[in-house]
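Here is the structure we will look at, set down as structure tokens.
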There are 2 protein chains.
Amino acid sequence: MQTFQKDNDGARARVTIRHVAEDAGVSVAAVSKVLRNAYGVSALLRTKVETSIEKLNYRPSVAARAMRGRTNTIGVLAIELSNPFLPGLIEAASNTLADSGFKALVGLGRSAQPIEASMIESMIDNRMDGVLIIAPRISGKVLERYAKQIPIVVIAHHEPDAQTYDTANSDDRKGAYLAVEAALSKGYRDIAMLGYDIEGSPATIVAVQRELGYLDAMRAAGLEARVLRLPPVDADRTAALNDFLSALDRPRAVFVWSDLDAVPLINIARMRDIGVPSDLAIIGYDNSPVSALPLVGLTSVDQNPVQLARTATQMLLERIDGRREARHVLVEPHVEHRGSS
Amino acid sequence: MQTFQKDNDGARARVTIRHVAEDAGVSVAAVSKVLRNAYGVSALLRTKVETSIEKLNYRPSVAARAMRGRTNTIGVLAIELSNPFLPGLIEAASNTLADSGFKALVGLGRSAQPIEASMIESMIDNRMDGVLIIAPRISGKVLERYAKQIPIVVIAHHEPDAQTYDTANSDDRKGAYLAVEAALSKGYRDIAMLGYDIEGSPATIVAVQRELGYLDAMRAAGLEARVLRLPPVDADRTAALNDFLSALDRPRAVFVWSDLDAVPLINIARMRDIGVPSDLAIIGYDNSPVSALPLVGLTSVDQNPVQLARTATQMLLERIDGRREARHVLVEPHVEHRGSS
DNA sequence: CGTTATATGTATATCATTCTACATTCCTGT
DNA sequence: ACAGGAATGTAGAATGATATACATATAACG
């Protein structure tokens, strides 16, 4: 292995706390104290140490620090990046954390449980101060176990009874309810929902919550609910979307569980000269950037990702700071009206 | 601070290499050897140690490991996530690294030089084994400095003379050339390029390379080149795009430096009933997911992000393994033909 | 069978910091 | 002037691994 930070090559060896202590003429412990903002440092000492730090261009080694104290680093675990809803959320979290003096490092779960798990373990092994998990595949049970080892806040995972970790969610049930209300207010009655095959999925999944919200709203309006299901997420759904559009009993309006399917749907409909909304009104979920393109113009439920991320990081910092009781908060969604409805 | 991995709470203290050694009846050094796959371990020893590791569910602490050896962790630094070209690249890099037994942790530079720099420093301080940097804002000079402390490979940053770090790039100059050729083959002659204000930008920037490629191709075809420039990236460019479409001397075909602008452009054109390609042919760059939507149907240059990511990570692993001479490779782009040209 | 080389396992210094326990100095009020 | 307490600084153990240098066992060879 290449030897960096060694003294060969003319490359200066790394500046350590010892060098600073020597230069400032104080003990290593003293330097550590001012670094940590600990109790019992005089103004004079602080000045001396800070001067030396500046002069030597010293930066503490996170690696060494991790052995005993905190690292000021938070791990963010995301399922993948291709869902356009996630980047915004991750960026917002990263920014909020930076403002609180924490670095965010993002790990990718590749939509696979074992990889997610090993990623969390890796974050624990890195002695990160906490972990922010977005839309995990792994179960609440496993999360509970990891939560004993590191503070955890989970986004997009409905589990309001979890004791050892916190959750921050958009109120998906309400979001779906609002979507149906938006359709009702435009005069539509024959409103179906397009979900995906969630056979056996726990209620923690956002898609399940959205179905519940849809059913709530239809019941409240005294209308008959109809949920249609697309193939699992990893399959090709173009054929299924085409079938839906060709069906004789095609509804007058449809609420789609995610823009992931709503965008292709509106796209195919337009290509097939099915009028949107004149023949079919479409309401999506996530308010992804594409849906805002005038050419697409998809009405969609906005999860307010920025506030969601802020809330979640806030909760995580509290937990790192010592809170032990679980908190579970919901963020208000709203409907972004566009031409498709 | 909350005390995790301590013995209170009934939560078991962390399993260390010492516990494994004791359980297996061997020395700590021996366990370390099998962990590192080092020379001089018998089959018997290996079995004993691996059994104990399994039994105790032991995982080495990356933090402790970082103090002396390697961490098997690579930092990936991305400018931001909103450019739809980046997620694919990052995922590909993360996957390739995982296949080689490395974990990737992604840091976000928030499009700001100081944040990028502090992110790289943080990765050095975390004793990561190497850093993969995508489209940095910071200068080559600064990169050279960091490269003395940690192996670095940079993507989307043309600097073929860099000595201390490697670069992997899509051949942007050639990509632009191919775009113009594609337009020529369709019979267009009046082909302009839409770039952005790169006043004073170094040739390292991909946009500059693409301009050069455009100029090459036009010269080769004996046609007059015309480069139009949009406002800087952070400004609102809708007005500028509208102006471009309204101009009396609007070209017959336009090569746009990035889908970031090409997608809004085709969108506005379609909304204004300007025929694409009947009135204006458009060719973009990046082949972003949106451009493939039939409704958009944008011809675009594909950078082959997967191969780009593979090549770059491959180079980084070589460098971590000891290579000192710089390497600079280009990946072949190709044109993805769609309805807009 | 003795000598040398090789394979295998161990002892221990080392990495850069934190943090507890302790020593020292400085006030402050009587 | 002095006891008592607060404020400030220091020594050194602890963190959990790696890796060098060494000791020992085993094999190979003349």
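Labeling convention for the structure tokens: chains A, B, ... as they appear, residues from 1 per chain, ligands from 1 in order of appearance.
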- Item | Pro114 in chain A surroundings by only C-alpha atoms (C1' of nucleotides), 9 Å radius, close-in-sequence under 5 positions cut, as a list in words | Gly109, Met119 and Ile138 of chain A
- Message: Residues near Leu280 in chain B, anyone? I mean within 6 Å using only C-alpha atoms (C1' of nucleotides), not counting same-chain ones fewer than 4 positions away, as a list in words.
- Response: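 These residues fall inside the cut-off: Arg252, Ala253 and Val276 of chain B.
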Restricted to N, CA and C atoms, what would the selected residues look like written as a tab-separated table (two decimals), in the first residue's frame?
```tsv
chain	number	residue	atom	x	y	z
B	252	ARG	N	-31.79	26.58	-37.49
B	252	ARG	CA	-32.64	25.47	-37.90
B	252	ARG	C	-32.48	24.27	-36.96
B	253	ALA	N	-31.26	24.16	-36.37
B	253	ALA	CA	-30.98	23.08	-35.43
B	253	ALA	C	-30.10	23.62	-34.31
B	276	VAL	N	-40.93	20.59	-33.23
B	276	VAL	CA	-39.64	19.96	-33.02
B	276	VAL	C	-39.73	18.56	-33.58
```
- Using only C-alpha atoms (C1' of nucleotides), find the residues of chain D whose closest atom to chain A is at most 12 Å away, then write them as a ChimeraX atom specification. /D:6-12,14-17
- Could you find all residues in range 69-238 of chain A that DSSP calls alpha helix (DSSP H) from the backbone, and write them as number ranges by chain? A: 85-99, 113-125, 140-147, 172-185, 206-220, 238
- Item | Proximity to Val296 in chain A - best of B:Leu89, B:Ala182, B:Ile268, B:Ala326, only C-alpha atoms | B:Ile268
- Message: What are the residues of chain C lining chain B at 8 Å or less? Count only C-alpha atoms (C1' of nucleotides), and put the answer as a list in words.
- Response: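 That gives DA7, DT8, DG9, DT10, DC15 and DA16 of chain C for chain C.
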Among range 18-123 of chain A, which residues carry a DSSP assignment of strand (DSSP E or B), reported as a compact mmCIF listing (two decimals) with N, CA and C atoms, in the first residue's frame?
```txt
# COMPACT_ATOMS: atom_id res chain seq x y z
N THR A 73 -20.34 13.09 12.74
CA THR A 73 -20.71 12.60 11.43
C THR A 73 -22.00 11.80 11.54
N ILE A 74 -22.90 12.04 10.62
CA ILE A 74 -24.17 11.33 10.60
C ILE A 74 -24.23 10.50 9.31
N GLY A 75 -24.65 9.28 9.45
CA GLY A 75 -24.84 8.47 8.26
C GLY A 75 -26.26 8.62 7.73
N VAL A 76 -26.38 8.77 6.43
CA VAL A 76 -27.70 8.82 5.81
C VAL A 76 -27.81 7.61 4.90
N LEU A 77 -28.80 6.80 5.14
CA LEU A 77 -28.95 5.59 4.34
C LEU A 77 -30.15 5.71 3.42
N ALA A 78 -29.89 5.68 2.13
CA ALA A 78 -30.99 5.80 1.16
C ALA A 78 -31.10 4.52 0.37
N LYS A 103 -21.32 16.51 9.65
CA LYS A 103 -21.12 16.09 8.26
C LYS A 103 -22.07 14.94 7.99
N ALA A 104 -22.64 14.95 6.81
CA ALA A 104 -23.48 13.83 6.41
C ALA A 104 -22.73 12.98 5.40
N LEU A 105 -22.74 11.69 5.61
CA LEU A 105 -22.19 10.77 4.62
C LEU A 105 -23.29 9.81 4.20
N VAL A 106 -23.51 9.73 2.91
CA VAL A 106 -24.64 8.98 2.40
C VAL A 106 -24.22 7.58 1.94
N GLY A 107 -24.96 6.60 2.38
CA GLY A 107 -24.74 5.23 1.91
C GLY A 107 -25.92 4.78 1.09
N LEU A 108 -25.67 3.93 0.10
CA LEU A 108 -26.74 3.47 -0.78
C LEU A 108 -27.08 2.00 -0.50
```
